[in-house]
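K.L.:
Below: one structure in structure tokens.
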There are 2 protein chains.
Amino acid sequence: MSMPTSIETLSRSPTANRVRGLKLLANCSRCSIRPASVCSALDAGALSEFEAIGREASFAPRMIVFMEGERADAVYTVTSGLVRLFRLLPNGQRQIVGFGLPGDFLGLPRGERHVYSADAAVGTTACRFHRQDFIMFAENHTRFLRRLHDAAVKALDLAQEQMTQLGPRRADAKIASFILSMRARWMEINGAGESVPLPMSRQDIGDYVGLNIATVSRTFTRLDRQGVIRIVPKGVRILNFPALRQLAEQ
Amino acid sequence: MSMPTSIETLSRSPTANRVRGLKLLANCSRCSIRPASVCSALDAGALSEFEAIGREASFAPRMIVFMEGERADAVYTVTSGLVRLFRLLPNGQRQIVGFGLPGDFLGLPRGERHVYSADAAVGTTACRFHRQDFIMFAENHTRFLRRLHDAAVKALDLAQEQMTQLGPRRADAKIASFILSMRARWMEINGAGESVPLPMSRQDIGDYVGLNIATVSRTFTRLDRQGVIRIVPKGVRILNFPALRQLAEQ
DNA sequence: ACGACGCTTTGCCCTGGGGCAAAGGAAAGG
DNA sequence: CCTTTCCTTTGCCCCAGGGCAAAGCGTCGT
């Protein structure tokens with residue numbers, strides 16, 4: 001597997017700018033990430049109906065997709081790039097609660113308002129739907145509604161997986177788990193091998209696994225020196241799987 | 001609000017024993033926690049149909065409801081007591097990923113197997129349904145399916161809330177958040193006031209918020225001494241809300 | 001090609017909380 | 001009623017990781 005090439009640099013605080021462009025959905029049936037997305041539950045007929053209510057949105061790095069507390073009047077399926085899902089804590093800390101990868105579905109909280117914010121970590125594209133259109137569509141397509149439920153449960157599984165990572169574990173265990181978890185997610189998308197893209201910054205990783213940026217960096221360096229991984233631009237290559245798994249278990 | 005009175009002591013490792021008794025569901029329409037559960041989406045007709053496929057199950061403290069890795073062939077709605085949702089990590093640690101309170105829906109993972117284990121922290125009752133019966137019923141009752149999706153999203157919200165707690169926060173912030181979060185959940189059930197039942201053990205709390213049992217204990221003691229809370233049997237009474245909220249924000 | 005900016009790496013010091021263990025206390029069992 | 005067992009509290013020590021800051025490095029824009 002090769003690293004994504006056109007991934008821009010990322011930086012810290014989200015800009016106030018919003019979506020860069022909106023155009024009609026071109027051709028869902030040729031969408032390469034559709035198998036990994038909720039749209040896989042749709043047949044040709046439903047798909048063209050679905051196309052009609054969606055728009056393609058592009059986000060430059062650091063652009064906000066939506067903010068915690070805002071009315072959730074649009075939902076998204078990520079088609080390329082990387083979305084950070086995060087909460088800004090009252091003490092100024094940012095807790096990243098998840099990463100939206102291509103194929104991931106975002107933006108349908110329980111209530112009418114978002115419970116976390118989302119911004120683009122890198123140049124990102126997504127399909128955008130008005131909440132009402134989307135819900136109405138889903139209610140008329142039980143299979144799709146079911147798939148949507150699956151996606152929510154999948155996200156819940158991931159969140160619970162993540163909770164086991166965040167606890168009082170050692171830094172190298174957290175980082176090892178993080179790398180393996182990212183690898184597993186990329187594999188669902190494009191069958192990754194030992195190269196694992198990590199398009200997010202060290203700060204993002206730290207805010208996700210609950211470590212200081214310095215500790216994240218030190219830990220990556222240590223794993224590299226120990227020959228477990230090799231740090232490559234915007235990712236890592238796994239050199240010693242058993243050792244990495246062993247570390248992740250600590 | 002008064003503390004639950006008949007709550008037994010809890011202890012550490014789950015027993016291999018299973019469900020204690022199974023009997024027909026008596027009368028869902030009189031169920032006191034129904035408003036807080038997925039069953040609230042059902043009208044009288046659907047409710048009696050639903051009753052027919054469920055059984056009431058009782059669990060003594062430490063009894064297992066289901067285990068991670070097992071086939072998920074039954075789902076549950078907790079009606080009384082407390083269920084611990086947890087994962088046993090390879091290093092022997094137990095991470096509690098959630099608490100199942102009365103009204104909570106459990107046991108429908110994305111795949112066919114459970115991704116975490118569940119056991120009764122105290123004497124607990126639940127309505128039990130065969131997965132297939134339940135899914136078939138849900139697919140025939142869109143409103144119910146929708147409510148089920150809401151429950152999954154609610155659980156996801158809670159998990160993401162919990163992720164913000166587990167991060168690198170100070171012990172008193174974690175404990176303060178935990179108390180406030182439990183209070184909010186009890187309020188949905190019985191409109192609690194300043195008394196917050198905590199039927200789980202200190203160890204459970206530690207395994208949930210990511211703190212050592214000793215640190216949990218010390219922190220409760222400190223909050224008590226500072227006059228923020230008062231430790232009472234199987235719970236706390238909140239004496240100083242603003243201070244507690246302030247701490248939770250750190 | 002160069003400079004500026006932002007991210008990453010690394011060093012140094014320090015503190016919050018973990019590990020361990022003993023004492024105290026409450027509940028269950030005989 | 002007493003014993004046993006488990007849970008909680010508390011003390012003591014130590015270390016992993018946080019905070020801070022400087023240096024290194026890659027990237028982007030001019």
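Letters A, B, ... go to the chains of the structure tokens in the order shown; residues in each chain start at 1; ligands are counted from 1 in the same order.
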Using only C-alpha atoms (C1' of nucleotides), find the residues of chain D whose closest atom to chain A is at most 9 Å away, then write them as a list in words.
P.N.:
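Written out as asked, the residues are DA16, DG17, DG18 and DT27 of chain D.
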K.L.:
Generate the output file for the selected residues, all heavy atoms, as an mmCIF file, in the first residue's frame.
P.N.:
```
data_model
loop_
_atom_site.group_PDB
_atom_site.id
_atom_site.type_symbol
_atom_site.label_atom_id
_atom_site.label_comp_id
_atom_site.auth_asym_id
_atom_site.auth_seq_id
_atom_site.Cartn_x
_atom_site.Cartn_y
_atom_site.Cartn_z
ATOM 1 P P DA D 16 9.325 4.383 34.925
ATOM 2 O OP1 DA D 16 9.479 2.936 35.119
ATOM 3 O OP2 DA D 16 10.466 5.204 34.449
ATOM 4 O "O5'" DA D 16 8.073 4.643 33.979
ATOM 5 C "C5'" DA D 16 6.777 4.274 34.437
ATOM 6 C "C4'" DA D 16 5.773 5.348 34.094
ATOM 7 O "O4'" DA D 16 5.959 6.502 34.953
ATOM 8 C "C3'" DA D 16 5.842 5.875 32.665
ATOM 9 O "O3'" DA D 16 4.523 6.063 32.201
ATOM 10 C "C2'" DA D 16 6.602 7.195 32.800
ATOM 11 C "C1'" DA D 16 6.183 7.675 34.187
ATOM 12 N N9 DA D 16 7.203 8.443 34.912
ATOM 13 C C8 DA D 16 8.534 8.197 34.945
ATOM 14 N N7 DA D 16 9.203 9.030 35.699
ATOM 15 C C5 DA D 16 8.238 9.877 36.214
ATOM 16 C C6 DA D 16 8.303 10.971 37.087
ATOM 17 N N6 DA D 16 9.442 11.428 37.626
ATOM 18 N N1 DA D 16 7.155 11.607 37.388
ATOM 19 C C2 DA D 16 6.011 11.147 36.852
ATOM 20 N N3 DA D 16 5.822 10.118 36.020
ATOM 21 C C4 DA D 16 6.993 9.526 35.735
ATOM 22 P P DG D 17 4.264 6.378 30.681
ATOM 23 O OP1 DG D 17 3.017 5.663 30.324
ATOM 24 O OP2 DG D 17 5.505 6.179 29.901
ATOM 25 O "O5'" DG D 17 3.943 7.931 30.721
ATOM 26 C "C5'" DG D 17 2.886 8.394 31.544
ATOM 27 C "C4'" DG D 17 3.037 9.871 31.786
ATOM 28 O "O4'" DG D 17 4.247 10.150 32.522
ATOM 29 C "C3'" DG D 17 3.122 10.736 30.518
ATOM 30 O "O3'" DG D 17 2.271 11.835 30.732
ATOM 31 C "C2'" DG D 17 4.579 11.157 30.478
ATOM 32 C "C1'" DG D 17 4.846 11.298 31.969
ATOM 33 N N9 DG D 17 6.245 11.324 32.366
ATOM 34 C C8 DG D 17 7.265 10.526 31.892
ATOM 35 N N7 DG D 17 8.419 10.792 32.460
ATOM 36 C C5 DG D 17 8.137 11.817 33.357
ATOM 37 C C6 DG D 17 8.990 12.518 34.253
ATOM 38 O O6 DG D 17 10.193 12.359 34.431
ATOM 39 N N1 DG D 17 8.297 13.475 34.975
ATOM 40 C C2 DG D 17 6.949 13.737 34.852
ATOM 41 N N2 DG D 17 6.448 14.694 35.629
ATOM 42 N N3 DG D 17 6.139 13.088 34.025
ATOM 43 C C4 DG D 17 6.802 12.147 33.308
ATOM 44 P P DG D 18 1.711 12.740 29.574
ATOM 45 O OP1 DG D 18 0.312 12.384 29.354
ATOM 46 O OP2 DG D 18 2.679 12.760 28.456
ATOM 47 O "O5'" DG D 18 1.759 14.156 30.287
ATOM 48 C "C5'" DG D 18 1.052 14.345 31.502
ATOM 49 C "C4'" DG D 18 1.482 15.653 32.122
ATOM 50 O "O4'" DG D 18 2.838 15.550 32.603
ATOM 51 C "C3'" DG D 18 1.444 16.843 31.165
ATOM 52 O "O3'" DG D 18 0.909 17.973 31.849
ATOM 53 C "C2'" DG D 18 2.906 17.043 30.774
ATOM 54 C "C1'" DG D 18 3.664 16.529 31.993
ATOM 55 N N9 DG D 18 4.924 15.858 31.669
ATOM 56 C C8 DG D 18 5.104 14.801 30.813
ATOM 57 N N7 DG D 18 6.345 14.396 30.738
ATOM 58 C C5 DG D 18 7.032 15.237 31.603
ATOM 59 C C6 DG D 18 8.415 15.282 31.941
ATOM 60 O O6 DG D 18 9.326 14.567 31.530
ATOM 61 N N1 DG D 18 8.687 16.295 32.855
ATOM 62 C C2 DG D 18 7.745 17.143 33.382
ATOM 63 N N2 DG D 18 8.194 18.056 34.242
ATOM 64 N N3 DG D 18 6.459 17.114 33.078
ATOM 65 C C4 DG D 18 6.168 16.142 32.186
ATOM 66 P P DT D 27 8.455 17.901 3.581
ATOM 67 O OP1 DT D 27 7.603 16.702 3.434
ATOM 68 O OP2 DT D 27 9.628 18.114 2.706
ATOM 69 O "O5'" DT D 27 7.532 19.186 3.517
ATOM 70 C "C5'" DT D 27 6.809 19.593 4.686
ATOM 71 C "C4'" DT D 27 6.125 20.916 4.426
ATOM 72 O "O4'" DT D 27 6.952 22.002 4.916
ATOM 73 C "C3'" DT D 27 5.862 21.211 2.960
ATOM 74 O "O3'" DT D 27 4.583 21.793 2.834
ATOM 75 C "C2'" DT D 27 6.972 22.193 2.590
ATOM 76 C "C1'" DT D 27 7.136 22.956 3.897
ATOM 77 N N1 DT D 27 8.468 23.556 4.126
ATOM 78 C C2 DT D 27 8.546 24.812 4.717
ATOM 79 O O2 DT D 27 7.568 25.438 5.058
ATOM 80 N N3 DT D 27 9.826 25.276 4.905
ATOM 81 C C4 DT D 27 11.014 24.644 4.557
ATOM 82 O O4 DT D 27 12.101 25.164 4.777
ATOM 83 C C5 DT D 27 10.855 23.352 3.940
ATOM 84 C C7 DT D 27 12.070 22.583 3.519
ATOM 85 C C6 DT D 27 9.604 22.875 3.749
#
```
K.L.:
Mind doing a quick least-squares superposition of chain B onto chain A, all C-alpha atoms paired one-to-one in order, and writing it out as an mmCIF file with C-alpha atoms, in the first residue's frame?
P.N.:
```cif
data_model
loop_
_atom_site.group_PDB
_atom_site.id
_atom_site.type_symbol
_atom_site.label_atom_id
_atom_site.label_comp_id
_atom_site.auth_asym_id
_atom_site.auth_seq_id
_atom_site.Cartn_x
_atom_site.Cartn_y
_atom_site.Cartn_z
ATOM 1 C CA MET B 1 0.141 -0.013 -0.052
ATOM 2 C CA SER B 2 1.344 3.496 -0.817
ATOM 3 C CA MET B 3 0.886 6.622 1.225
ATOM 4 C CA PRO B 4 -1.710 9.132 0.086
ATOM 5 C CA THR B 5 0.304 11.714 -1.825
ATOM 6 C CA SER B 6 -1.746 14.887 -1.887
ATOM 7 C CA ILE B 7 -2.234 15.284 1.819
ATOM 8 C CA GLU B 8 -1.611 18.778 3.036
ATOM 9 C CA THR B 9 -0.047 19.818 6.303
ATOM 10 C CA LEU B 10 -2.275 20.177 9.257
ATOM 11 C CA SER B 11 -2.270 22.680 12.029
ATOM 12 C CA ARG B 12 -3.824 23.303 15.349
ATOM 13 C CA SER B 13 -6.854 25.521 15.831
ATOM 14 C CA PRO B 14 -9.758 25.310 13.416
ATOM 15 C CA THR B 15 -10.485 28.249 11.177
ATOM 16 C CA ALA B 16 -13.868 29.912 11.155
ATOM 17 C CA ASN B 17 -14.141 29.288 7.440
ATOM 18 C CA ARG B 18 -16.629 26.803 6.192
ATOM 19 C CA VAL B 19 -17.173 24.512 3.306
ATOM 20 C CA ARG B 20 -15.199 25.463 0.228
ATOM 21 C CA GLY B 21 -17.349 24.200 -2.586
ATOM 22 C CA LEU B 22 -20.652 22.494 -3.153
ATOM 23 C CA LYS B 23 -21.586 20.649 -6.276
ATOM 24 C CA LEU B 24 -23.996 17.951 -7.283
ATOM 25 C CA LEU B 25 -22.994 14.389 -6.579
ATOM 26 C CA ALA B 26 -21.491 13.094 -9.775
ATOM 27 C CA ASN B 27 -21.896 9.353 -9.780
ATOM 28 C CA CYS B 28 -22.423 7.407 -6.590
ATOM 29 C CA SER B 29 -22.354 4.106 -8.443
ATOM 30 C CA ARG B 30 -18.688 4.680 -9.292
ATOM 31 C CA CYS B 31 -17.768 5.958 -5.828
ATOM 32 C CA SER B 32 -14.731 4.020 -4.699
ATOM 33 C CA ILE B 33 -15.442 4.214 -0.980
ATOM 34 C CA ARG B 34 -19.109 3.278 -1.306
ATOM 35 C CA PRO B 35 -18.538 -0.341 -0.235
ATOM 36 C CA ALA B 36 -17.143 0.962 3.054
ATOM 37 C CA SER B 37 -19.952 3.464 3.641
ATOM 38 C CA VAL B 38 -23.618 3.426 4.590
ATOM 39 C CA CYS B 39 -24.416 3.896 0.885
ATOM 40 C CA SER B 40 -23.489 0.276 0.270
ATOM 41 C CA ALA B 41 -26.990 -0.594 1.475
ATOM 42 C CA LEU B 42 -28.554 1.087 -1.582
ATOM 43 C CA ASP B 43 -29.393 -0.499 -4.914
ATOM 44 C CA ALA B 44 -29.186 1.351 -8.229
ATOM 45 C CA GLY B 45 -32.661 2.864 -7.979
ATOM 46 C CA ALA B 46 -32.339 4.077 -4.412
ATOM 47 C CA LEU B 47 -28.850 5.311 -5.167
ATOM 48 C CA SER B 48 -29.930 7.754 -7.856
ATOM 49 C CA GLU B 49 -32.726 8.960 -5.592
ATOM 50 C CA PHE B 50 -30.097 9.406 -2.906
ATOM 51 C CA GLU B 51 -27.752 11.250 -5.253
ATOM 52 C CA ALA B 52 -30.449 13.808 -5.865
ATOM 53 C CA ILE B 53 -30.528 14.964 -2.235
ATOM 54 C CA GLY B 54 -26.734 15.094 -1.680
ATOM 55 C CA ARG B 55 -24.026 17.594 -2.541
ATOM 56 C CA GLU B 56 -20.296 17.195 -2.580
ATOM 57 C CA ALA B 57 -18.416 19.406 -0.117
ATOM 58 C CA SER B 58 -14.681 20.152 0.033
ATOM 59 C CA PHE B 59 -12.847 21.262 3.131
ATOM 60 C CA ALA B 60 -9.380 22.770 3.228
ATOM 61 C CA PRO B 61 -7.164 21.799 6.173
ATOM 62 C CA ARG B 62 -8.417 23.269 9.468
ATOM 63 C CA MET B 63 -11.814 24.103 8.070
ATOM 64 C CA ILE B 64 -14.689 23.382 10.374
ATOM 65 C CA VAL B 65 -17.291 20.863 9.292
ATOM 66 C CA PHE B 66 -19.573 21.531 12.250
ATOM 67 C CA MET B 67 -19.268 22.768 15.813
ATOM 68 C CA GLU B 68 -20.431 21.289 19.083
ATOM 69 C CA GLY B 69 -23.657 22.953 20.158
ATOM 70 C CA GLU B 70 -24.711 23.915 16.634
ATOM 71 C CA ARG B 71 -27.974 22.627 15.197
ATOM 72 C CA ALA B 72 -27.190 19.435 13.340
ATOM 73 C CA ASP B 73 -28.948 20.185 10.074
ATOM 74 C CA ALA B 74 -26.521 18.398 7.790
ATOM 75 C CA VAL B 75 -24.987 14.937 7.810
ATOM 76 C CA TYR B 76 -21.870 13.781 5.991
ATOM 77 C CA THR B 77 -20.175 10.797 4.494
ATOM 78 C CA VAL B 78 -16.432 11.327 4.225
ATOM 79 C CA THR B 79 -15.104 10.432 0.780
ATOM 80 C CA SER B 80 -11.453 11.442 1.107
ATOM 81 C CA GLY B 81 -9.112 13.043 3.620
ATOM 82 C CA LEU B 82 -9.443 13.049 7.389
ATOM 83 C CA VAL B 83 -11.899 14.644 9.781
ATOM 84 C CA ARG B 84 -11.090 15.229 13.449
ATOM 85 C CA LEU B 85 -13.997 14.810 15.872
ATOM 86 C CA PHE B 86 -13.257 16.697 19.047
ATOM 87 C CA ARG B 87 -14.512 18.463 22.099
ATOM 88 C CA LEU B 88 -12.967 21.568 23.544
ATOM 89 C CA LEU B 89 -12.919 21.100 27.296
ATOM 90 C CA PRO B 90 -13.580 24.013 29.618
ATOM 91 C CA ASN B 91 -9.942 23.966 30.697
ATOM 92 C CA GLY B 92 -8.812 24.597 27.137
ATOM 93 C CA GLN B 93 -7.804 21.015 26.412
ATOM 94 C CA ARG B 94 -8.963 19.422 23.195
ATOM 95 C CA GLN B 95 -10.086 15.816 23.398
ATOM 96 C CA ILE B 96 -10.237 14.131 20.027
ATOM 97 C CA VAL B 97 -13.041 11.596 20.274
ATOM 98 C CA GLY B 98 -12.512 10.071 16.872
ATOM 99 C CA PHE B 99 -11.161 10.365 13.367
ATOM 100 C CA GLY B 100 -13.478 10.365 10.386
ATOM 101 C CA LEU B 101 -11.870 8.330 7.609
ATOM 102 C CA PRO B 102 -13.184 7.856 4.091
ATOM 103 C CA GLY B 103 -16.432 5.908 4.282
ATOM 104 C CA ASP B 104 -17.303 7.177 7.753
ATOM 105 C CA PHE B 105 -20.667 8.699 8.448
ATOM 106 C CA LEU B 106 -20.821 11.851 10.593
ATOM 107 C CA GLY B 107 -23.186 14.359 12.024
ATOM 108 C CA LEU B 108 -26.315 12.642 13.277
ATOM 109 C CA PRO B 109 -26.368 13.102 17.059
ATOM 110 C CA ARG B 110 -29.203 11.939 19.264
ATOM 111 C CA GLY B 111 -30.563 15.389 19.899
ATOM 112 C CA GLU B 112 -30.893 18.247 17.461
ATOM 113 C CA ARG B 113 -27.460 19.673 18.277
ATOM 114 C CA HIS B 114 -23.968 18.363 17.739
ATOM 115 C CA VAL B 115 -22.273 16.981 20.820
ATOM 116 C CA TYR B 116 -18.790 17.365 19.375
ATOM 117 C CA SER B 117 -17.076 19.465 16.741
ATOM 118 C CA ALA B 118 -15.543 18.307 13.498
ATOM 119 C CA ASP B 119 -12.870 19.849 11.344
ATOM 120 C CA ALA B 120 -10.736 18.778 8.429
ATOM 121 C CA ALA B 121 -7.280 17.638 9.448
ATOM 122 C CA VAL B 122 -6.187 17.661 5.801
ATOM 123 C CA GLY B 123 -7.850 18.445 2.485
ATOM 124 C CA THR B 124 -11.098 16.524 2.723
ATOM 125 C CA THR B 125 -14.161 15.810 0.644
ATOM 126 C CA ALA B 126 -17.530 14.588 1.846
ATOM 127 C CA CYS B 127 -21.076 14.050 0.660
ATOM 128 C CA ARG B 128 -23.428 16.396 2.449
ATOM 129 C CA PHE B 129 -27.155 15.901 3.033
ATOM 130 C CA HIS B 130 -29.759 18.003 4.748
ATOM 131 C CA ARG B 131 -30.767 16.244 7.900
ATOM 132 C CA GLN B 132 -34.445 16.274 7.092
ATOM 133 C CA ASP B 133 -33.966 14.977 3.554
ATOM 134 C CA PHE B 134 -31.632 12.341 4.856
ATOM 135 C CA ILE B 135 -33.901 11.166 7.674
ATOM 136 C CA MET B 136 -36.914 11.086 5.408
ATOM 137 C CA PHE B 137 -34.959 9.058 2.891
ATOM 138 C CA ALA B 138 -33.770 6.676 5.595
ATOM 139 C CA GLU B 139 -37.274 6.140 6.965
ATOM 140 C CA ASN B 140 -38.398 5.129 3.501
ATOM 141 C CA HIS B 141 -35.524 2.675 3.074
ATOM 142 C CA THR B 142 -35.501 0.272 5.996
ATOM 143 C CA ARG B 143 -32.405 -1.522 4.771
ATOM 144 C CA PHE B 144 -30.590 1.794 4.771
ATOM 145 C CA LEU B 145 -31.901 2.699 8.223
ATOM 146 C CA ARG B 146 -30.656 -0.634 9.414
ATOM 147 C CA ARG B 147 -27.231 0.075 7.912
ATOM 148 C CA LEU B 148 -27.266 3.443 9.615
ATOM 149 C CA HIS B 149 -27.896 1.748 12.915
ATOM 150 C CA ASP B 150 -24.987 -0.557 12.172
ATOM 151 C CA ALA B 151 -22.794 2.484 11.550
ATOM 152 C CA ALA B 152 -23.808 3.963 14.887
ATOM 153 C CA VAL B 153 -23.063 0.684 16.628
ATOM 154 C CA LYS B 154 -19.736 0.477 14.800
ATOM 155 C CA ALA B 155 -18.869 3.955 16.009
ATOM 156 C CA LEU B 156 -19.877 2.890 19.503
ATOM 157 C CA ASP B 157 -17.638 -0.158 19.291
ATOM 158 C CA LEU B 158 -14.773 2.076 18.204
ATOM 159 C CA ALA B 159 -15.471 4.530 21.006
ATOM 160 C CA GLN B 160 -15.488 1.723 23.532
ATOM 161 C CA GLU B 161 -12.329 0.338 22.009
ATOM 162 C CA GLN B 162 -10.872 3.802 22.383
ATOM 163 C CA MET B 163 -11.952 3.970 26.014
ATOM 164 C CA THR B 164 -9.846 0.932 26.736
ATOM 165 C CA GLN B 165 -6.918 2.755 25.168
ATOM 166 C CA LEU B 166 -7.307 6.002 27.070
ATOM 167 C CA GLY B 167 -7.188 4.466 30.507
ATOM 168 C CA PRO B 168 -4.106 4.326 32.701
ATOM 169 C CA ARG B 169 -1.914 2.531 30.218
ATOM 170 C CA ARG B 170 1.711 3.032 29.422
ATOM 171 C CA ALA B 171 2.616 5.413 26.646
ATOM 172 C CA ASP B 172 4.099 2.781 24.341
ATOM 173 C CA ALA B 173 1.037 0.569 24.806
ATOM 174 C CA LYS B 174 -1.218 3.452 23.810
ATOM 175 C CA ILE B 175 0.831 4.313 20.752
ATOM 176 C CA ALA B 176 1.153 0.688 19.690
ATOM 177 C CA SER B 177 -2.619 0.230 19.991
ATOM 178 C CA PHE B 178 -3.200 3.400 18.087
ATOM 179 C CA ILE B 179 -1.012 2.294 15.196
ATOM 180 C CA LEU B 180 -2.666 -1.124 15.047
ATOM 181 C CA SER B 181 -6.129 0.399 15.237
ATOM 182 C CA MET B 182 -5.390 2.840 12.420
ATOM 183 C CA ARG B 183 -3.980 0.002 10.385
ATOM 184 C CA ALA B 184 -7.149 -2.024 10.884
ATOM 185 C CA ARG B 185 -9.281 0.886 9.760
ATOM 186 C CA TRP B 186 -7.220 1.537 6.645
ATOM 187 C CA MET B 187 -7.366 -2.149 5.834
ATOM 188 C CA GLU B 188 -11.157 -1.944 5.645
ATOM 189 C CA ILE B 189 -10.741 0.855 3.135
ATOM 190 C CA ASN B 190 -7.852 -0.197 0.953
ATOM 191 C CA GLY B 191 -6.387 -3.377 2.347
ATOM 192 C CA ALA B 192 -3.249 -1.832 3.788
ATOM 193 C CA GLY B 193 -0.097 -3.824 4.403
ATOM 194 C CA GLU B 194 2.618 -2.893 6.829
ATOM 195 C CA SER B 195 2.565 0.800 5.903
ATOM 196 C CA VAL B 196 0.122 2.777 7.997
ATOM 197 C CA PRO B 197 -0.754 6.330 6.934
ATOM 198 C CA LEU B 198 -1.027 8.737 9.843
ATOM 199 C CA PRO B 199 -2.227 11.952 8.238
ATOM 200 C CA MET B 200 -2.846 13.585 11.606
ATOM 201 C CA SER B 201 -0.287 15.555 13.621
ATOM 202 C CA ARG B 202 1.507 14.381 16.754
ATOM 203 C CA GLN B 203 -0.668 16.792 18.694
ATOM 204 C CA ASP B 204 -3.782 15.147 17.240
ATOM 205 C CA ILE B 205 -2.528 11.734 18.257
ATOM 206 C CA GLY B 206 -1.775 12.973 21.759
ATOM 207 C CA ASP B 207 -5.217 14.556 22.089
ATOM 208 C CA TYR B 208 -6.701 11.249 20.962
ATOM 209 C CA VAL B 209 -4.854 8.735 23.105
ATOM 210 C CA GLY B 210 -4.414 11.008 26.113
ATOM 211 C CA LEU B 211 -0.716 11.767 25.980
ATOM 212 C CA ASN B 212 1.387 14.882 25.891
ATOM 213 C CA ILE B 213 2.766 15.754 22.456
ATOM 214 C CA ALA B 214 6.295 15.357 23.797
ATOM 215 C CA THR B 215 5.519 11.895 25.107
ATOM 216 C CA VAL B 216 3.931 10.934 21.791
ATOM 217 C CA SER B 217 7.029 12.036 19.942
ATOM 218 C CA ARG B 218 9.404 10.323 22.355
ATOM 219 C CA THR B 219 7.397 7.123 22.135
ATOM 220 C CA PHE B 220 7.417 7.049 18.331
ATOM 221 C CA THR B 221 11.144 7.687 18.409
ATOM 222 C CA ARG B 222 11.672 4.880 20.913
ATOM 223 C CA LEU B 223 9.605 2.396 18.886
ATOM 224 C CA ASP B 224 11.598 3.391 15.821
ATOM 225 C CA ARG B 225 14.920 2.929 17.604
ATOM 226 C CA GLN B 226 13.763 -0.433 18.949
ATOM 227 C CA GLY B 227 13.113 -1.499 15.366
ATOM 228 C CA VAL B 228 9.404 -2.081 15.950
ATOM 229 C CA ILE B 229 8.325 0.574 13.469
ATOM 230 C CA ARG B 230 9.994 2.903 11.014
ATOM 231 C CA ILE B 231 8.824 6.505 10.985
ATOM 232 C CA VAL B 232 8.118 7.614 7.414
ATOM 233 C CA PRO B 233 6.610 10.878 6.158
ATOM 234 C CA LYS B 234 2.949 11.041 7.265
ATOM 235 C CA GLY B 235 2.888 7.582 8.680
ATOM 236 C CA VAL B 236 4.800 4.581 9.906
ATOM 237 C CA ARG B 237 5.850 1.269 8.514
ATOM 238 C CA ILE B 238 5.435 -1.661 10.837
ATOM 239 C CA LEU B 239 8.642 -3.681 10.990
ATOM 240 C CA ASN B 240 7.872 -6.081 13.816
ATOM 241 C CA PHE B 241 4.220 -7.013 14.148
ATOM 242 C CA PRO B 242 4.531 -9.412 17.073
ATOM 243 C CA ALA B 243 6.476 -6.854 19.085
ATOM 244 C CA LEU B 244 3.917 -4.168 18.297
ATOM 245 C CA ARG B 245 1.030 -6.430 19.293
ATOM 246 C CA GLN B 246 2.879 -7.383 22.433
ATOM 247 C CA LEU B 247 3.311 -3.731 23.358
ATOM 248 C CA ALA B 248 -0.334 -2.985 22.584
ATOM 249 C CA GLU B 249 -1.348 -5.620 25.087
ATOM 250 C CA GLN B 250 0.376 -3.951 27.987
#
```
K.L.:
State, in Å with one decimal place, the distance from C1' of DT9 (chain D) to C1' of DA22 (chain C).
P.N.:
10.5 Å
K.L.:
Within 12 Å of chain B, which residues of chain C show up when using only C-alpha atoms (C1' of nucleotides), listed as JSON, numbers by chain?
P.N.:
{"C": [15, 16, 17, 18, 19, 20, 21, 26, 27, 28]}
K.L.:
To one decimal in Å, tell me the separation between C1' of DG26 (chain D) and C1' of DC12 (chain C).
P.N.:
26.0 Å
K.L.:
To one decimal in Å, tell me the separation between C1' of DC1 (chain D) and C1' of DG30 (chain C).
P.N.:
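Atom-to-atom, C1' of DC1 (chain D) and C1' of DG30 (chain C) are spaced 10.4 Å apart.
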K.L.:
Check region 94-240 of chain B with DSSP on the backbone and list each residue it calls strand (DSSP E), as an MDAnalysis selection string.
P.N.:
chainID B and resid 94:100 105:106 117:120 124:130 195:197 229:232 235:238
